[in-house]
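J.: Here you go, this is structure.pdb (PDB, C-alpha atoms).
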```
ATOM      1  CA  MET F 177       6.494  60.317  45.373
ATOM      2  CA  GLU F 178       5.165  57.095  46.660
ATOM      3  CA  GLU F 179       2.159  55.362  45.200
ATOM      4  CA  SER F 180       0.432  55.777  48.557
ATOM      5  CA  TYR F 181       0.552  59.550  48.131
ATOM      6  CA  ILE F 182      -1.132  59.316  44.742
ATOM      7  CA  PHE F 183      -3.700  56.891  46.120
ATOM      8  CA  GLY F 184      -4.334  59.319  48.973
ATOM      9  CA  LEU F 185      -5.022  62.051  46.437
ATOM     10  CA  LEU F 186      -7.376  59.737  44.558
ATOM     11  CA  ASP F 187      -9.129  58.959  47.847
ATOM     12  CA  ASP F 188      -9.444  62.710  48.508
ATOM     13  CA  LEU F 189     -11.019  63.158  45.086
ATOM     14  CA  ALA F 190     -13.422  60.272  45.705
ATOM     15  CA  ASP F 191     -14.335  61.722  49.117
ATOM     16  CA  LEU F 192     -14.941  65.130  47.542
ATOM     17  CA  ILE F 193     -17.343  63.534  45.064
ATOM     18  CA  ASP F 194     -19.025  61.381  47.733
ATOM     19  CA  GLN F 195     -19.539  64.435  49.945
ATOM     20  CA  GLY F 196     -20.967  66.522  47.094
ATOM     21  CA  LYS F 197     -24.593  67.574  47.361
ATOM     22  CA  ALA F 198     -27.057  65.602  45.264
ATOM     23  CA  SER F 199     -28.545  67.562  42.386
ATOM     24  CA  PHE F 200     -32.246  68.346  42.472
ATOM     25  CA  GLY F 201     -34.209  65.499  40.967
ATOM     26  CA  ASN F 202     -31.193  63.239  40.393
ATOM     27  CA  ALA F 203     -29.408  61.633  43.314
ATOM     28  CA  GLN F 204     -26.665  60.278  41.042
ATOM     29  CA  ARG F 205     -25.474  63.752  40.037
ATOM     30  CA  ARG F 206     -23.407  65.700  42.548
ATOM     31  CA  THR F 207     -22.372  69.295  42.980
ATOM     32  CA  ILE F 208     -18.747  69.478  44.085
ATOM     33  CA  ASP F 209     -16.123  72.161  44.634
ATOM     34  CA  ALA F 210     -14.595  72.194  41.137
ATOM     35  CA  ASN F 211     -11.552  74.189  42.261
ATOM     36  CA  ARG F 212     -10.708  71.617  44.933
ATOM     37  CA  ALA F 213     -11.178  68.756  42.449
ATOM     38  CA  LEU F 214      -8.936  70.497  39.906
ATOM     39  CA  ASP F 215      -6.339  71.176  42.623
ATOM     40  CA  ILE F 216      -6.256  67.461  43.461
ATOM     41  CA  ILE F 217      -5.934  66.539  39.784
ATOM     42  CA  ASP F 218      -3.103  69.086  39.358
ATOM     43  CA  GLU F 219      -1.332  67.625  42.380
ATOM     44  CA  ILE F 220      -1.605  64.136  40.854
ATOM     45  CA  ARG F 221      -0.180  65.466  37.586
ATOM     46  CA  ASP F 222       2.650  67.180  39.462
ATOM     47  CA  THR F 223       3.440  63.914  41.216
ATOM     48  CA  LEU F 224       3.579  61.639  38.171
ATOM     49  CA  PRO F 225       6.197  63.549  36.130
ATOM     50  CA  ARG F 226       8.714  63.248  38.961
ATOM     51  CA  GLU F 227       9.145  59.604  38.007
ATOM     52  CA  LEU F 228       9.781  60.685  34.463
ATOM     53  CA  VAL F 229      12.350  63.212  35.711
ATOM     54  CA  ASP F 230      14.030  60.334  37.545
ATOM     55  CA  ALA F 231      14.091  58.330  34.316
ATOM     56  CA  ARG F 232      15.650  61.260  32.478
ATOM     57  CA  ARG F 233      18.242  61.583  35.240
ATOM     58  CA  ILE F 234      19.097  57.919  34.815
ATOM     59  CA  VAL F 235      19.525  58.377  31.069
ATOM     60  CA  HIS F 236      21.750  61.402  31.718
ATOM     61  CA  THR F 237      23.809  59.379  34.202
ATOM     62  CA  ARG F 238      24.154  56.637  31.600
ATOM     63  CA  ASP F 239      25.371  59.217  29.076
ATOM     64  CA  ASP F 240      27.906  60.508  31.608
ATOM     65  CA  ILE F 241      29.190  56.961  32.163
ATOM     66  CA  LEU F 242      29.537  56.425  28.423
ATOM     67  CA  ALA F 243      31.319  59.767  27.986
ATOM     68  CA  ALA F 244      33.716  58.889  30.815
ATOM     69  CA  ALA F 245      34.403  55.506  29.194
ATOM     70  CA  ASP F 246      35.110  57.211  25.859
ATOM     71  CA  GLN F 247      37.386  59.723  27.564
ATOM     72  CA  GLU F 248      39.253  56.967  29.384
ATOM     73  CA  ALA F 249      39.638  55.008  26.148
ATOM     74  CA  ASN F 250      41.014  58.113  24.404
ATOM     75  CA  ARG F 251      43.410  58.746  27.282
ATOM     76  CA  ILE F 252      44.671  55.176  27.117
ATOM     77  CA  ILE F 253      45.056  55.434  23.345
ATOM     78  CA  ASP F 254      46.944  58.722  23.695
ATOM     79  CA  ASP F 255      49.225  57.212  26.346
ATOM     80  CA  ALA F 256      49.952  54.200  24.157
ATOM     81  CA  GLU F 257      50.705  56.423  21.151
ATOM     82  CA  LYS F 258      53.067  58.634  23.198
ATOM     83  CA  GLN F 259      54.912  55.580  24.483
ATOM     84  CA  ALA F 260      55.219  54.234  20.944
ATOM     85  CA  ALA F 261      56.623  57.549  19.660
ATOM     86  CA  THR F 262      59.171  57.755  22.486
ATOM     87  CA  ILE F 263      60.764  54.388  21.689
ATOM     88  CA  ALA F 264      60.546  54.681  17.893
ATOM     89  CA  SER F 265      64.358  54.561  17.455
ATOM     90  CA  GLU F 266      64.485  50.822  16.865
ATOM     91  CA  GLN F 267      62.185  48.930  14.542
ATOM     92  CA  GLU F 268      61.564  46.019  16.916
ATOM     93  CA  ILE F 269      60.818  48.304  19.832
ATOM     94  CA  VAL F 270      58.409  50.304  17.674
ATOM     95  CA  ARG F 271      56.682  47.109  16.552
ATOM     96  CA  LEU F 272      56.310  45.940  20.162
ATOM     97  CA  ALA F 273      54.970  49.319  21.191
ATOM     98  CA  GLU F 274      52.385  49.227  18.415
ATOM     99  CA  GLN F 275      51.338  45.747  19.498
ATOM    100  CA  GLU F 276      50.922  46.991  23.056
ATOM    101  CA  ARG F 277      48.973  50.021  21.866
ATOM    102  CA  ASP F 278      46.660  47.770  19.873
ATOM    103  CA  ARG F 279      46.189  45.496  22.855
ATOM    104  CA  VAL F 280      45.472  48.427  25.164
ATOM    105  CA  LEU F 281      43.095  49.878  22.573
ATOM    106  CA  ALA F 282      41.292  46.542  22.240
ATOM    107  CA  ASP F 283      41.072  46.284  26.042
ATOM    108  CA  ALA F 284      39.756  49.849  26.285
ATOM    109  CA  GLN F 285      37.182  49.193  23.579
ATOM    110  CA  GLU F 286      36.129  46.001  25.314
ATOM    111  CA  LYS F 287      35.782  47.865  28.624
ATOM    112  CA  GLU F 288      33.823  50.594  26.871
ATOM    113  CA  LEU F 289      31.465  48.007  25.393
ATOM    114  CA  ASP F 290      31.056  46.381  28.813
ATOM    115  CA  LEU F 291      30.306  49.760  30.422
ATOM    116  CA  ARG F 292      27.939  50.682  27.600
ATOM    117  CA  TYR F 293      26.092  47.367  27.896
ATOM    118  CA  GLY F 294      25.902  47.746  31.678
ATOM    119  CA  ALA F 295      24.516  51.270  31.368
ATOM    120  CA  TYR F 296      21.941  50.181  28.806
ATOM    121  CA  LYS F 297      20.967  47.167  30.904
ATOM    122  CA  TYR F 298      20.612  49.313  34.025
ATOM    123  CA  THR F 299      18.540  51.885  32.153
ATOM    124  CA  ASP F 300      16.333  49.178  30.649
ATOM    125  CA  ASP F 301      15.778  47.650  34.100
ATOM    126  CA  VAL F 302      14.839  51.053  35.553
ATOM    127  CA  PHE F 303      12.473  51.758  32.655
ATOM    128  CA  ALA F 304      10.922  48.297  33.047
ATOM    129  CA  GLN F 305      10.320  48.977  36.735
ATOM    130  CA  LEU F 306       8.950  52.425  35.943
ATOM    131  CA  GLU F 307       6.682  50.951  33.260
ATOM    132  CA  ASN F 308       5.458  48.324  35.702
ATOM    133  CA  ASN F 309       4.739  50.949  38.377
ATOM    134  CA  LEU F 310       2.954  53.211  35.915
ATOM    135  CA  ASN F 311       0.889  50.270  34.613
ATOM    136  CA  LYS F 312      -0.123  49.416  38.171
ATOM    137  CA  LEU F 313      -1.016  53.036  38.794
ATOM    138  CA  LEU F 314      -3.042  53.213  35.573
ATOM    139  CA  ASP F 315      -4.838  49.979  36.509
ATOM    140  CA  ASN F 316      -5.690  51.444  39.911
ATOM    141  CA  VAL F 317      -6.900  54.696  38.358
ATOM    142  CA  ALA F 318      -9.045  52.725  35.900
ATOM    143  CA  ARG F 319     -10.524  50.684  38.762
ATOM    144  CA  CYS F 320     -11.241  53.855  40.733
ATOM    145  CA  ARG F 321     -12.919  55.440  37.721
ATOM    146  CA  GLN F 322     -14.913  52.301  37.071
ATOM    147  CA  SER F 323     -15.982  52.150  40.704
ATOM    148  CA  LEU F 324     -16.820  55.830  40.642
ATOM    149  CA  ASN F 325     -18.856  55.428  37.462
ATOM    150  CA  GLU F 326     -20.650  52.326  38.762
ATOM    151  CA  ASN F 327     -21.524  54.023  42.048
ATOM    152  CA  HIS F 328     -22.574  57.356  40.574
ATOM    153  CA  GLN F 329     -24.445  56.534  37.354
ATOM    154  CA  PRO F 330     -27.214  59.071  36.522
TER     155      PRO F 330
END
```
Could you write out this structure as C-alpha cells?
T.:
Amino acid sequence: MEESYIFGLLDDLADLIDQGKASFGNAQRRTIDANRALDIIDEIRDTLPRELVDARRIVHTRDDILAAADQEANRIIDDAEKQAATIASEQEIVRLAEQERDRVLADAQEKELDLRYGAYKYTDDVFAQLENNLNKLLDNVARCRQSLNENHQP
C-alpha cells in the first residue's frame, strides 16, 4: 500500500478523536467509538506487513536465482565431465579436456559469485529502501502522536 493510504488512516483516527465528545469536567478527555478506532489501527497493521511480505518475496527470488546459478554450474560441470570421459582414449586429449573442464568450472563459479553478489546487492538495496520508508513512516507516526498528545493533554 502507499504511504498516502496509511496517512489517510491516521487522519481518520485523528478525526475520530477530534470529533469525540468531551468528557464531563475535562475538555481534554474525549469519548470515542473504540471499535472504530481499533478497526483503523487493525487496518494500519494489515497494511504495514505487506511491505514485509514484499521483502520476503525478494529474498525468496534471490534464493531462486542462487539455486538456478548452482544448477547451471552443476550442469556445466556435468557436461565438461562427460566430454572428458568421452575422449579419454588419449592422454593428451584427456589432459586438454580436464583443462577445459577446469576453465568452465572456474567460469561457472565466477558467474555464480557474480549472480550471488548481484542478488545480495539487490536485496540490500530493497531492504535499505524499505528501512528508509519505514523510518519515514515511524517519524510521521511519532509526529502525529506528539501532535495528538500536545493538542489533547488532560
J.: What would the selection look like, as a PyMOL selection string, if the PyMOL selection byres ((chain F and resi 193) around 9) were run on the coordinates I just shared?
T.: chain F and resi 188-192+194-197+206-209+213+324
J.: So which residues get picked by the PyMOL selection byres ((chain F and resi 252-254) around 8) here, written as a VMD selection string?
T.: chain F and resid 248 to 251 255 to 258 277 280 to 281 284
J.: Please dump the current selection as an mmCIF file, in the frame of the given file; keep C-alpha atoms.
T.:
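Just written: selection15.cif:
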```
data_model
loop_
_atom_site.group_PDB
_atom_site.id
_atom_site.type_symbol
_atom_site.label_atom_id
_atom_site.label_comp_id
_atom_site.auth_asym_id
_atom_site.auth_seq_id
_atom_site.Cartn_x
_atom_site.Cartn_y
_atom_site.Cartn_z
ATOM 1 C CA GLU F 248 39.253 56.967 29.384
ATOM 2 C CA ALA F 249 39.638 55.008 26.148
ATOM 3 C CA ASN F 250 41.014 58.113 24.404
ATOM 4 C CA ARG F 251 43.410 58.746 27.282
ATOM 5 C CA ASP F 255 49.225 57.212 26.346
ATOM 6 C CA ALA F 256 49.952 54.200 24.157
ATOM 7 C CA GLU F 257 50.705 56.423 21.151
ATOM 8 C CA LYS F 258 53.067 58.634 23.198
ATOM 9 C CA ARG F 277 48.973 50.021 21.866
ATOM 10 C CA VAL F 280 45.472 48.427 25.164
ATOM 11 C CA LEU F 281 43.095 49.878 22.573
ATOM 12 C CA ALA F 284 39.756 49.849 26.285
#
```
J.: Have a look at atom CA of Ile220 of chain F and atom CA of Phe183 of chain F and let me know their distance in Å, one decimal.
T.: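 Here the two named atoms are 9.2 Å from each other.
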J.: Skip Asp240 of chain F itself and residues of its chain fewer than 5 positions away, then list as a PDB file with C-alpha atoms, in the frame of the given file all residues within 12 Å of it, counting only C-alpha atoms.
T.:
```
ATOM      1  CA  ARG F 233      18.242  61.583  35.240  1.00  0.00           C
ATOM      2  CA  ILE F 234      19.097  57.919  34.815  1.00  0.00           C
ATOM      3  CA  VAL F 235      19.525  58.377  31.069  1.00  0.00           C
ATOM      4  CA  ALA F 245      34.403  55.506  29.194  1.00  0.00           C
ATOM      5  CA  ASP F 246      35.110  57.211  25.859  1.00  0.00           C
ATOM      6  CA  GLN F 247      37.386  59.723  27.564  1.00  0.00           C
ATOM      7  CA  LEU F 291      30.306  49.760  30.422  1.00  0.00           C
ATOM      8  CA  ARG F 292      27.939  50.682  27.600  1.00  0.00           C
ATOM      9  CA  ALA F 295      24.516  51.270  31.368  1.00  0.00           C
TER      10      ALA F 295
END
```
J.: Find the residue from F:Arg319, F:His328, F:Lys287, F:Lys312 that sits nearest to Leu242 of chain F; use all atoms listed in the file when measuring.
T.: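 The closest residue to Leu242 of chain F is F:Lys287.
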J.: The centre and edge lengths of an axis-aligned box containing all atoms of segment 228-241 of chain F present in the file, extended by 5 Å on each side, are to be given in Å to one decimal, as JSON.
T.:
```
{"center_x": 19.5, "center_y": 59.9, "center_z": 33.3, "size_x": 29.4, "size_y": 16.6, "size_z": 18.5}
```
J.: State, in Å with one decimal place, the distance from atom CA of Ala318 of chain F to atom CA of Glu179 of chain F.
T.: 14.8 Å
J.: Hey, which of F:Phe303, F:Tyr296, F:Phe200, F:Tyr181 ends up closest to Ala231 of chain F? Count all atoms listed in the file.
T.: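 Checking each of F:Phe303, F:Tyr296, F:Phe200, F:Tyr181 against Ala231 of chain F, counting all atoms listed in the file, the winner is F:Phe303.
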J.: Report, in Å with one decimal, the straight-line distance from atom CA of Ala243 of chain F to atom CA of Asp230 of chain F.
T.: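 Straight-line distance from atom CA of Ala243 of chain F to atom CA of Asp230 of chain F works out to 19.8 Å.
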